[in-house]
file structure.cif (mmCIF, C-alpha atoms)
data_query
#
loop_
_atom_site.label_atom_id
_atom_site.label_comp_id
_atom_site.auth_asym_id
_atom_site.auth_seq_id
_atom_site.Cartn_x
_atom_site.Cartn_y
_atom_site.Cartn_z
CA MET V 1 0.00 0.00 0.00
CA GLN V 2 1.25 3.47 -0.83
CA VAL V 3 0.74 6.57 1.19
CA VAL V 4 0.48 9.91 -0.53
CA TRP V 5 1.42 12.73 1.76
CA ARG V 6 0.61 16.17 0.49
CA LYS V 7 3.43 18.63 0.99
CA ASN V 8 0.92 21.39 1.18
CA PRO V 9 -2.62 20.36 2.11
CA LYS V 10 -3.94 23.32 0.12
CA ASN V 11 -2.33 22.05 -3.04
CA SER V 12 -3.23 18.46 -3.79
CA ASN V 13 -1.01 18.38 -6.87
CA GLU V 14 2.12 18.36 -4.74
CA GLY V 15 2.52 14.83 -3.45
CA ILE V 16 5.17 12.50 -2.12
CA MET V 17 4.67 8.81 -2.78
CA MET V 18 6.22 6.66 -0.13
CA GLU V 19 6.59 2.96 0.47
CA SER V 20 7.93 1.05 3.47
CA LYS V 21 11.18 0.26 1.67
CA ASP V 22 11.81 3.98 1.23
CA LEU V 23 12.26 4.16 4.99
CA THR V 24 15.42 2.02 4.91
CA GLN V 25 17.62 4.96 3.86
CA PHE V 26 17.00 6.72 7.19
CA PHE V 27 18.30 3.84 9.31
CA ASN V 28 21.81 2.54 9.72
CA GLU V 29 23.55 -0.21 11.60
CA ASN V 30 25.14 2.19 14.08
CA LEU V 31 21.71 3.42 15.15
CA PHE V 32 20.36 -0.07 15.77
CA ILE V 33 20.08 -1.31 19.38
CA PRO V 34 18.59 -4.82 19.62
CA ASP V 35 18.88 -4.79 23.42
CA LEU V 36 18.23 -1.43 25.06
CA LYS V 37 19.81 -1.00 28.48
CA ALA V 38 17.35 1.70 29.54
CA GLN V 39 14.55 0.82 31.92
CA SER V 40 12.67 4.11 32.09
CA LYS V 41 11.44 6.74 29.67
CA GLU V 42 14.16 9.20 30.73
CA ALA V 43 16.83 6.55 30.34
CA VAL V 44 15.53 5.66 26.86
CA PHE V 45 15.93 9.26 25.72
CA ASP V 46 19.36 9.42 27.30
CA GLU V 47 20.50 6.20 25.62
CA PHE V 48 19.30 7.28 22.18
CA SER V 49 20.66 10.83 22.52
CA SER V 50 24.07 9.43 23.47
CA LEU V 51 23.91 7.13 20.47
CA PHE V 52 23.21 10.07 18.16
CA VAL V 53 26.22 11.94 19.59
CA GLU V 54 28.54 8.90 19.38
CA ASN V 55 27.63 8.51 15.73
CA LYS V 56 28.01 12.23 14.99
CA VAL V 57 24.38 12.63 13.99
CA ILE V 58 24.25 15.51 16.45
CA ARG V 59 26.86 17.40 18.41
CA ASN V 60 24.97 18.42 21.54
CA LYS V 61 23.20 15.73 23.46
CA GLU V 62 21.33 18.18 25.71
CA ILE V 63 19.53 19.83 22.81
CA VAL V 64 18.07 16.58 21.51
CA LEU V 65 17.32 15.33 25.00
CA GLU V 66 15.41 18.56 25.66
CA MET V 67 13.54 18.31 22.36
CA LEU V 68 12.47 14.68 22.92
CA THR V 69 11.42 15.41 26.50
CA LYS V 70 9.42 18.50 25.50
CA ARG V 71 7.71 16.55 22.74
CA GLU V 72 6.39 14.09 25.33
CA THR V 73 4.65 16.90 27.20
CA LEU V 74 2.44 17.27 24.14
CA GLY V 75 1.24 13.70 24.54
CA SER V 76 2.93 10.33 24.66
CA THR V 77 4.64 9.12 21.50
CA GLY V 78 3.80 5.60 22.64
CA ILE V 79 1.33 4.83 19.84
CA GLY V 80 0.12 1.57 21.35
CA ASP V 81 0.78 -2.13 20.71
CA GLU V 82 4.16 -1.86 22.47
CA VAL V 83 5.51 0.69 19.98
CA ALA V 84 6.81 4.22 20.53
CA VAL V 85 7.93 6.73 17.93
CA PRO V 86 9.58 9.66 19.74
CA HIS V 87 10.26 12.31 17.14
CA GLY V 88 11.07 15.92 16.49
CA ARG V 89 12.76 18.43 14.28
CA THR V 90 15.78 20.07 15.78
CA THR V 91 18.31 22.67 14.76
CA ALA V 92 20.95 20.23 16.06
CA ALA V 93 20.29 17.63 13.36
CA ILE V 94 22.05 17.80 10.03
CA LYS V 95 19.89 15.20 8.29
CA MET V 96 16.95 13.00 9.06
CA GLN V 97 17.88 9.80 10.88
CA ILE V 98 15.91 7.12 12.65
CA ALA V 99 17.31 5.02 15.46
CA PHE V 100 15.78 1.69 16.39
CA GLY V 101 15.84 0.10 19.81
CA ARG V 102 14.21 -2.98 21.28
CA SER V 103 13.52 -3.89 24.87
CA ASP V 104 12.35 -7.46 25.38
CA LYS V 105 11.21 -6.65 28.89
CA GLY V 106 9.27 -3.55 27.85
CA ILE V 107 9.54 -0.05 29.31
CA GLU V 108 6.78 2.01 30.94
CA PHE V 109 6.15 4.92 28.59
CA ASN V 110 2.65 6.12 29.36
CA ALA V 111 1.54 4.83 25.97
CA ILE V 112 -2.03 5.39 24.78
CA ASP V 113 -2.95 1.78 25.60
CA LYS V 114 -0.79 1.83 28.76
CA LYS V 115 1.22 -1.18 27.59
CA PRO V 116 5.00 -1.09 28.16
CA ILE V 117 7.01 -0.34 25.02
CA LYS V 118 9.19 -2.96 23.36
CA LEU V 119 9.91 -1.28 20.02
CA PHE V 120 11.32 2.24 19.79
CA PHE V 121 11.82 4.28 16.64
CA VAL V 122 13.42 7.65 17.40
CA VAL V 123 13.12 10.08 14.50
CA ILE V 124 15.15 13.26 14.40
CA ALA V 125 15.20 15.67 11.50
CA PRO V 126 16.51 19.13 10.71
CA PRO V 127 13.99 22.01 10.74
CA HIS V 128 13.77 22.07 6.96
CA ASP V 129 14.53 19.02 4.95
CA GLU V 130 15.21 19.88 1.32
CA ASN V 131 12.70 17.32 0.09
CA ASN V 132 10.19 17.95 2.89
CA ARG V 133 10.18 14.29 3.88
CA TYR V 134 9.82 14.51 7.65
CA LEU V 135 6.04 14.20 7.90
CA PRO V 136 5.66 11.62 5.08
CA VAL V 137 8.37 9.47 6.68
CA LEU V 138 6.75 9.76 10.10
CA GLY V 139 3.38 8.87 8.60
CA LYS V 140 4.70 5.89 6.68
CA LEU V 141 6.56 4.61 9.73
CA VAL V 142 3.43 4.76 11.87
CA GLU V 143 1.41 3.07 9.14
CA MET V 144 3.99 0.27 8.82
CA LEU V 145 4.00 -0.23 12.59
CA HIS V 146 0.23 -0.50 12.74
CA GLU V 147 0.52 -3.83 10.95
CA ASN V 148 0.66 -6.64 13.44
CA LYS V 149 2.87 -8.88 11.27
CA ASN V 150 5.53 -6.17 11.04
CA ARG V 151 5.56 -5.60 14.80
CA GLU V 152 5.87 -9.32 15.51
CA LYS V 153 8.78 -9.67 13.11
CA LEU V 154 10.51 -6.61 14.55
CA LYS V 155 10.24 -8.02 18.06
CA ASN V 156 12.41 -10.92 16.93
CA VAL V 157 15.13 -9.23 14.89
CA ASN V 158 18.69 -9.63 16.07
CA THR V 159 20.70 -8.08 13.27
CA PHE V 160 20.42 -4.93 11.23
CA GLU V 161 20.23 -7.04 8.04
CA GLU V 162 17.12 -8.81 9.34
CA PHE V 163 15.68 -5.46 10.33
CA ALA V 164 16.32 -3.94 6.88
CA GLU V 165 14.70 -6.95 5.21
CA ILE V 166 11.52 -6.35 7.18
CA LEU V 167 11.47 -2.71 6.08
CA ASP V 168 12.12 -3.76 2.51
CA GLY V 169 9.22 -6.19 2.73
CA GLU V 170 11.48 -9.13 1.92
CA SER V 171 11.04 -10.94 5.18
CA MET R 1 30.17 22.73 26.06
CA LEU R 2 27.59 24.74 24.19
CA ASN R 3 27.13 28.35 25.23
CA LYS R 4 24.08 28.53 27.51
CA GLN R 5 22.47 31.38 25.58
CA LEU R 6 22.94 29.59 22.27
CA GLU R 7 21.56 26.40 23.80
CA MET R 8 18.45 28.31 24.94
CA LEU R 9 18.02 29.95 21.54
CA VAL R 10 18.22 26.56 19.82
CA ALA R 11 15.72 25.15 22.33
CA LEU R 12 13.42 28.09 21.54
CA GLN R 13 13.64 27.52 17.80
CA ASP R 14 13.02 23.77 18.30
CA LEU R 15 9.98 24.59 20.43
CA ASP R 16 8.63 26.99 17.82
CA ILE R 17 8.96 24.27 15.18
CA MET R 18 7.24 21.76 17.46
CA ILE R 19 4.34 24.15 18.10
CA LYS R 20 4.01 24.70 14.35
CA ASP R 21 4.02 20.92 13.69
CA VAL R 22 1.28 20.10 16.20
CA GLU R 23 -1.60 19.79 13.74
CA ASP R 24 0.39 17.75 11.20
CA VAL R 25 1.57 15.34 13.85
CA LYS R 26 -2.00 14.96 15.08
CA GLN R 27 -3.10 14.08 11.54
CA ILE R 28 -0.60 11.22 11.47
CA GLY R 29 -2.30 9.75 14.53
CA PHE R 30 -0.21 10.86 17.49
CA GLU R 31 -1.86 11.82 20.72
CA VAL R 32 -1.65 15.59 21.02
CA ALA R 33 -3.17 17.02 24.14
CA GLY R 34 -0.75 19.36 25.81
CA LYS R 35 -0.05 22.21 23.40
CA GLU R 36 -0.49 24.67 26.25
CA LYS R 37 2.43 22.98 28.01
CA LEU R 38 4.63 23.82 25.05
CA ASP R 39 3.44 27.42 25.21
CA GLU R 40 4.28 27.45 28.92
CA ALA R 41 7.74 26.04 28.22
CA ARG R 42 8.23 28.70 25.57
CA ASN R 43 7.23 31.49 27.95
CA GLU R 44 9.58 30.09 30.58
CA LEU R 45 12.41 30.13 28.07
CA LEU R 46 11.58 33.70 27.03
CA GLY R 47 11.95 34.77 30.65
CA LYS R 48 15.46 33.36 30.80
CA LEU R 49 16.84 34.86 27.60
CA PRO R 50 18.43 38.33 27.61
CA LYS R 51 16.06 40.82 25.96
CA PRO R 52 18.42 41.90 23.12
CA LEU R 53 18.96 38.27 22.09
CA LEU R 54 15.25 37.61 22.18
CA PHE R 55 14.44 40.73 20.20
CA ASN R 56 17.00 39.71 17.60
CA TYR R 57 15.62 36.15 17.45
CA GLU R 58 12.05 37.36 16.85
CA LYS R 59 13.20 39.87 14.26
CA LEU R 60 15.19 37.21 12.39
CA LYS R 61 12.32 34.73 12.62
CA LYS R 62 9.94 37.21 11.02
CA ARG R 63 12.36 37.93 8.25
CA TYR R 64 13.69 34.45 7.46
CA LYS R 65 11.42 31.90 9.24
CA ARG R 66 14.53 30.31 10.76
CA ALA R 67 16.60 32.55 13.00
CA ILE R 68 19.30 29.98 13.69
CA VAL R 69 21.01 28.25 10.82
CA PRO R 70 23.78 25.69 10.57
CA VAL R 71 27.31 26.25 9.40
CA LYS R 72 28.65 23.54 7.16
CA ASP R 73 32.11 23.55 5.59
CA ASP R 74 32.51 27.07 7.03
CA VAL R 75 29.53 28.35 5.05
CA CYS R 76 26.37 29.85 6.54
CA LEU R 77 23.56 27.67 5.21
CA GLY R 78 21.17 30.59 5.46
CA CYS R 79 22.84 32.92 2.92
CA PHE R 80 25.71 30.71 1.72
CA MET R 81 28.33 33.27 2.62
CA HIS R 82 31.70 32.04 3.80
CA VAL R 83 32.16 32.62 7.51
CA PRO R 84 35.36 34.60 8.32
CA THR R 85 38.11 32.59 9.99
CA GLN R 86 38.04 34.53 13.28
CA LEU R 87 34.30 33.82 13.62
CA ILE R 88 34.82 30.13 12.84
CA THR R 89 37.29 29.82 15.69
CA ARG R 90 34.94 31.60 18.10
CA GLY R 91 31.90 29.72 16.84
CA ARG R 92 33.47 26.30 17.12
CA SER R 93 34.55 27.01 20.66
CA ASP R 94 30.90 27.70 21.53
CA GLN R 95 31.83 30.63 23.74
CA SER R 96 29.34 33.14 22.42
CA VAL R 97 26.35 33.67 20.17
CA ILE R 98 27.66 34.49 16.69
CA ASN R 99 25.66 36.15 13.94
CA CYS R 100 26.41 35.71 10.26
CA GLU R 101 28.07 38.81 8.83
CA GLY R 102 26.09 38.34 5.62
CA CYS R 103 22.49 37.76 6.74
CA GLY R 104 22.60 38.32 10.49
CA ARG R 105 21.20 34.90 11.37
CA VAL R 106 22.50 33.15 14.47
CA LEU R 107 25.04 30.50 13.52
CA TYR R 108 25.14 26.96 14.84
CA TRP R 109 28.13 24.70 14.21
CA TYR R 110 27.30 21.05 13.60
CA GLU R 111 30.84 19.85 14.03
#
call {"tool": "encode", "arguments": {"input": "structure.cif", "output": "structure tokens"}}
result
Amino acid sequence: MQVVWRKNPKNSNEGIMMESKDLTQFFNENLFIPDLKAQSKEAVFDEFSSLFVENKVIRNKEIVLEMLTKRETLGSTGIGDEVAVPHGRTTAAIKMQIAFGRSDKGIEFNAIDKKPIKLFFVVIAPPHDENNRYLPVLGKLVEMLHENKNREKLKNVNTFEEFAEILDGES
Amino acid sequence: MLNKQLEMLVALQDLDIMIKDVEDVKQIGFEVAGKEKLDEARNELLGKLPKPLLFNYEKLKKRYKRAIVPVKDDVCLGCFMHVPTQLITRGRSDQSVINCEGCGRVLYWYE
């Protein structure tokens, strides 16, 4: 299934077609954590922010930590079914990147269905992406994660290759 | 360590972007219930920033949408002017808030 995200809702001629496999380009092996150490929401943000700094995605951990924390005050990014998609656009990001993390035990995240979170997708993007992909990517990611079969597969991945195959729809 | 005033300015710009994104994010299906908390956080931040910096931020925001822009390969990505060497040294050391000599935007060094 394809999602068409309108760049400008007032102009339906401007559209971005996106498929699950298009998401692969925003992930990389260095931003893949199959076994999160964190056991609380704060620790999850800390672990991911440190990961972004270690991999030179951002320079200042505090800025991203602040952005992710502030975003949660708007409402939990725990979208239900043991999945959370913390996200935000920040001046500190040079390009859009998504980090993946899994916690087999699950972490309390105040999700909409109150279930602990096992799958985390942390999306950070610069304020203005040249191709305006932030919202379409976020939308496609959420749509992909609403499918039960994808979530079940993701709960069992151990390597980045397996993970990428799921995104590519090959697994 | 990042200059505190620059850190607050970046946090302010990130908050402004977040406030602007609220409706789009809601459309995607995220729970969005606490916009007033973001406004509160913004007001709190405004109270901490020195008035001249704040005035300059608002002025730049009106003019360019983004008041703070990155520097990449020693070029301001707002106006694409080369940043003078003495500013690069000061900017990289994060000791003060630096404005682009070309467009006046606040500069943020990625690396």
call {"tool": "closest_residue", "arguments": {"input": "structure.cif", "among": "V:Phe32, V:Tyr134, V:Phe163, V:Phe109", "to": "Arg151 (chain V)", "atoms": "all atoms listed in the file"}}
result
V:Phe163
call {"tool": "closest_residue", "arguments": {"input": "structure.cif", "among": "R:Val106, R:Leu49, R:Ile19, R:Ile28", "to": "chain V", "atoms": "all atoms listed in the file"}}
result
R:Ile28
call {"tool": "closest_atom_pairs", "arguments": {"input": "structure.cif", "of": "chain R", "to": "chain V", "cutoff": "9 Å", "atoms": "only C-alpha atoms", "output": "tab-separated table"}}
result
residue	atom	partner	partner_atom	distance
R:Met1	CA	V:Asn60	CA	8.1
R:Leu2	CA	V:Asn60	CA	7.3
R:Glu7	CA	V:Ile63	CA	6.9
R:Met8	CA	V:Ile63	CA	8.8
R:Val10	CA	V:Thr91	CA	6.4
R:Ala11	CA	V:Ile63	CA	6.6
R:Gln13	CA	V:Thr91	CA	7.4
R:Asp14	CA	V:Thr90	CA	5.3
R:Leu15	CA	V:Met67	CA	7.5
R:Ile17	CA	V:Arg89	CA	7.0
R:Met18	CA	V:Gly88	CA	7.1
R:Val22	CA	V:Leu74	CA	8.5
R:Asp24	CA	V:Leu135	CA	7.4
R:Val25	CA	V:Leu135	CA	7.5
R:Gln27	CA	V:Gly139	CA	8.8
R:Ile28	CA	V:Gly139	CA	5.4
R:Gly29	CA	V:Val142	CA	8.1
R:Phe30	CA	V:Thr77	CA	6.5
R:Glu31	CA	V:Gly75	CA	5.3
R:Val32	CA	V:Gly75	CA	4.9
R:Ala33	CA	V:Gly75	CA	5.5
R:Gly34	CA	V:Leu74	CA	4.2
R:Lys35	CA	V:Leu74	CA	5.6
R:Glu36	CA	V:Leu74	CA	8.2
R:Lys37	CA	V:Thr73	CA	6.5
R:Leu38	CA	V:Leu74	CA	7.0
R:Ala41	CA	V:Lys70	CA	8.2
R:Arg66	CA	V:Pro127	CA	8.3
R:Ile68	CA	V:Thr91	CA	7.5
R:Val69	CA	V:Thr91	CA	7.3
R:Pro70	CA	V:Thr91	CA	7.5
R:Tyr108	CA	V:Ala92	CA	8.0
R:Trp109	CA	V:Arg59	CA	8.5
R:Tyr110	CA	V:Arg59	CA	6.1
R:Glu111	CA	V:Arg59	CA	6.4
call {"tool": "write_last_selection", "arguments": {"input": "structure.cif", "atoms": "C-alpha atoms", "output": "CSV table (one decimal), in the coordinates of the input"}}
result
chain,number,residue,atom,x,y,z
R,1,MET,CA,30.2,22.7,26.1
R,2,LEU,CA,27.6,24.7,24.2
R,7,GLU,CA,21.6,26.4,23.8
R,8,MET,CA,18.4,28.3,24.9
R,10,VAL,CA,18.2,26.6,19.8
R,11,ALA,CA,15.7,25.2,22.3
R,13,GLN,CA,13.6,27.5,17.8
R,14,ASP,CA,13.0,23.8,18.3
R,15,LEU,CA,10.0,24.6,20.4
R,17,ILE,CA,9.0,24.3,15.2
R,18,MET,CA,7.2,21.8,17.5
R,22,VAL,CA,1.3,20.1,16.2
R,24,ASP,CA,0.4,17.8,11.2
R,25,VAL,CA,1.6,15.3,13.8
R,27,GLN,CA,-3.1,14.1,11.5
R,28,ILE,CA,-0.6,11.2,11.5
R,29,GLY,CA,-2.3,9.8,14.5
R,30,PHE,CA,-0.2,10.9,17.5
R,31,GLU,CA,-1.9,11.8,20.7
R,32,VAL,CA,-1.6,15.6,21.0
R,33,ALA,CA,-3.2,17.0,24.1
R,34,GLY,CA,-0.8,19.4,25.8
R,35,LYS,CA,0.0,22.2,23.4
R,36,GLU,CA,-0.5,24.7,26.2
R,37,LYS,CA,2.4,23.0,28.0
R,38,LEU,CA,4.6,23.8,25.0
R,41,ALA,CA,7.7,26.0,28.2
R,66,ARG,CA,14.5,30.3,10.8
R,68,ILE,CA,19.3,30.0,13.7
R,69,VAL,CA,21.0,28.2,10.8
R,70,PRO,CA,23.8,25.7,10.6
R,108,TYR,CA,25.1,27.0,14.8
R,109,TRP,CA,28.1,24.7,14.2
R,110,TYR,CA,27.3,21.0,13.6
R,111,GLU,CA,30.8,19.8,14.0
call {"tool": "resolve_selection", "arguments": {"input": "structure.cif", "expression": "the PyMOL selection byres ((chain V and resi 108) around 9)", "output": "MDAnalysis selection string"}}
result
chainID V and resid 39:41 106:107 109:111 114:117
call {"tool": "write_last_selection", "arguments": {"input": "structure.cif", "atoms": "C-alpha atoms", "output": "compact mmCIF listing (two decimals), keeping the file's coordinate frame"}}
result
# COMPACT_ATOMS: atom_id res chain seq x y z
CA GLN V 39 14.55 0.82 31.92
CA SER V 40 12.67 4.11 32.09
CA LYS V 41 11.44 6.74 29.67
CA GLY V 106 9.27 -3.55 27.85
CA ILE V 107 9.54 -0.05 29.31
CA PHE V 109 6.15 4.92 28.59
CA ASN V 110 2.65 6.12 29.36
CA ALA V 111 1.54 4.83 25.97
CA LYS V 114 -0.79 1.83 28.76
CA LYS V 115 1.22 -1.18 27.59
CA PRO V 116 5.00 -1.09 28.16
CA ILE V 117 7.01 -0.34 25.02
call {"tool": "residues_around", "arguments": {"input": "structure.cif", "residues": "Asp46 (chain V)", "least_positions_apart": "3", "cutoff": "10 Å", "atoms": "only C-alpha atoms", "output": "PDB file with C-alpha atoms, in the coordinates of the input"}}
result
ATOM      1  CA  ALA V  38      17.350   1.700  29.540  1.00  0.00           C
ATOM      2  CA  SER V  40      12.670   4.110  32.090  1.00  0.00           C
ATOM      3  CA  LYS V  41      11.440   6.740  29.670  1.00  0.00           C
ATOM      4  CA  GLU V  42      14.160   9.200  30.730  1.00  0.00           C
ATOM      5  CA  ALA V  43      16.830   6.550  30.340  1.00  0.00           C
ATOM      6  CA  SER V  49      20.660  10.830  22.520  1.00  0.00           C
ATOM      7  CA  SER V  50      24.070   9.430  23.470  1.00  0.00           C
ATOM      8  CA  LEU V  51      23.910   7.130  20.470  1.00  0.00           C
ATOM      9  CA  PHE V  52      23.210  10.070  18.160  1.00  0.00           C
ATOM     10  CA  LYS V  61      23.200  15.730  23.460  1.00  0.00           C
ATOM     11  CA  GLU V  62      21.330  18.180  25.710  1.00  0.00           C
ATOM     12  CA  VAL V  64      18.070  16.580  21.510  1.00  0.00           C
ATOM     13  CA  LEU V  65      17.320  15.330  25.000  1.00  0.00           C
ATOM     14  CA  LEU V  68      12.470  14.680  22.920  1.00  0.00           C
ATOM     15  CA  THR V  69      11.420  15.410  26.500  1.00  0.00           C
TER      16      THR V  69
END
call {"tool": "atom_distance", "arguments": {"input": "structure.cif", "atom1": "CA of Thr159 (chain V)", "atom2": "CA of Phe120 (chain V)"}}
result
15.4 Å
call {"tool": "resolve_selection", "arguments": {"input": "structure.cif", "expression": "the PyMOL selection byres ((chain R and resi 99) around 10)", "output": "MDAnalysis selection string"}}
result
chainID R and resid 67:69 76 83 87 91 96:98 100:108
call {"tool": "resolve_selection", "arguments": {"input": "structure.cif", "expression": "the PyMOL selection byres ((chain V and resi 121) around 9)", "output": "list in words"}}
result
Val83, Ala84, Val85, Pro86, His87, Ile98, Ala99, Phe100, Gly101, Arg102, Leu119, Phe120, Val122, Val123 and Leu141 of chain V
call {"tool": "residues_near_point", "arguments": {"input": "structure.cif", "point": "(17.5, -5.9, 10.6)", "cutoff": "10 Å", "atoms": "only C-alpha atoms", "output": "PyMOL selection string"}}
result
chain V and resi 24+27-29+32+34+100+153-154+156-168+171
call {"tool": "atom_distance", "arguments": {"input": "structure.cif", "atom1": "CA of Lys61 (chain R)", "atom2": "CA of Val53 (chain V)"}}
result
27.6 Å
call {"tool": "atom_distance", "arguments": {"input": "structure.cif", "atom1": "CA of Phe26 (chain V)", "atom2": "CA of Phe45 (chain V)"}}
result
18.7 Å
call {"tool": "decode", "arguments": {"input": "structure.cif", "residues": "region 20-96 of chain R", "atoms": "C-alpha atoms", "output": "compact mmCIF listing (two decimals), in the first residue's frame"}}
result
# COMPACT_ATOMS: atom_id res chain seq x y z
CA LYS R 20 4.01 24.70 14.35
CA ASP R 21 4.02 20.92 13.69
CA VAL R 22 1.28 20.10 16.20
CA GLU R 23 -1.60 19.79 13.74
CA ASP R 24 0.39 17.75 11.20
CA VAL R 25 1.57 15.34 13.85
CA LYS R 26 -2.00 14.96 15.08
CA GLN R 27 -3.10 14.08 11.54
CA ILE R 28 -0.60 11.22 11.47
CA GLY R 29 -2.30 9.75 14.53
CA PHE R 30 -0.21 10.86 17.49
CA GLU R 31 -1.86 11.82 20.72
CA VAL R 32 -1.65 15.59 21.02
CA ALA R 33 -3.17 17.02 24.14
CA GLY R 34 -0.75 19.36 25.81
CA LYS R 35 -0.05 22.21 23.40
CA GLU R 36 -0.49 24.67 26.25
CA LYS R 37 2.43 22.98 28.01
CA LEU R 38 4.63 23.82 25.05
CA ASP R 39 3.44 27.42 25.21
CA GLU R 40 4.28 27.45 28.92
CA ALA R 41 7.74 26.04 28.22
CA ARG R 42 8.23 28.70 25.57
CA ASN R 43 7.23 31.49 27.95
CA GLU R 44 9.58 30.09 30.58
CA LEU R 45 12.41 30.13 28.07
CA LEU R 46 11.58 33.70 27.03
CA GLY R 47 11.95 34.77 30.65
CA LYS R 48 15.46 33.36 30.80
CA LEU R 49 16.84 34.86 27.60
CA PRO R 50 18.43 38.33 27.61
CA LYS R 51 16.06 40.82 25.96
CA PRO R 52 18.42 41.90 23.12
CA LEU R 53 18.96 38.27 22.09
CA LEU R 54 15.25 37.61 22.18
CA PHE R 55 14.44 40.73 20.20
CA ASN R 56 17.00 39.71 17.60
CA TYR R 57 15.62 36.15 17.45
CA GLU R 58 12.05 37.36 16.85
CA LYS R 59 13.20 39.87 14.26
CA LEU R 60 15.19 37.21 12.39
CA LYS R 61 12.32 34.73 12.62
CA LYS R 62 9.94 37.21 11.02
CA ARG R 63 12.36 37.93 8.25
CA TYR R 64 13.69 34.45 7.46
CA LYS R 65 11.42 31.90 9.24
CA ARG R 66 14.53 30.31 10.76
CA ALA R 67 16.60 32.55 13.00
CA ILE R 68 19.30 29.98 13.69
CA VAL R 69 21.01 28.25 10.82
CA PRO R 70 23.78 25.69 10.57
CA VAL R 71 27.31 26.25 9.40
CA LYS R 72 28.65 23.54 7.16
CA ASP R 73 32.11 23.55 5.59
CA ASP R 74 32.51 27.07 7.03
CA VAL R 75 29.53 28.35 5.05
CA CYS R 76 26.37 29.85 6.54
CA LEU R 77 23.56 27.67 5.21
CA GLY R 78 21.17 30.59 5.46
CA CYS R 79 22.84 32.92 2.92
CA PHE R 80 25.71 30.71 1.72
CA MET R 81 28.33 33.27 2.62
CA HIS R 82 31.70 32.04 3.80
CA VAL R 83 32.16 32.62 7.51
CA PRO R 84 35.36 34.60 8.32
CA THR R 85 38.11 32.59 9.99
CA GLN R 86 38.04 34.53 13.28
CA LEU R 87 34.30 33.82 13.62
CA ILE R 88 34.82 30.13 12.84
CA THR R 89 37.29 29.82 15.69
CA ARG R 90 34.94 31.60 18.10
CA GLY R 91 31.90 29.72 16.84
CA ARG R 92 33.47 26.30 17.12
CA SER R 93 34.55 27.01 20.66
CA ASP R 94 30.90 27.70 21.53
CA GLN R 95 31.83 30.63 23.74
CA SER R 96 29.34 33.14 22.42
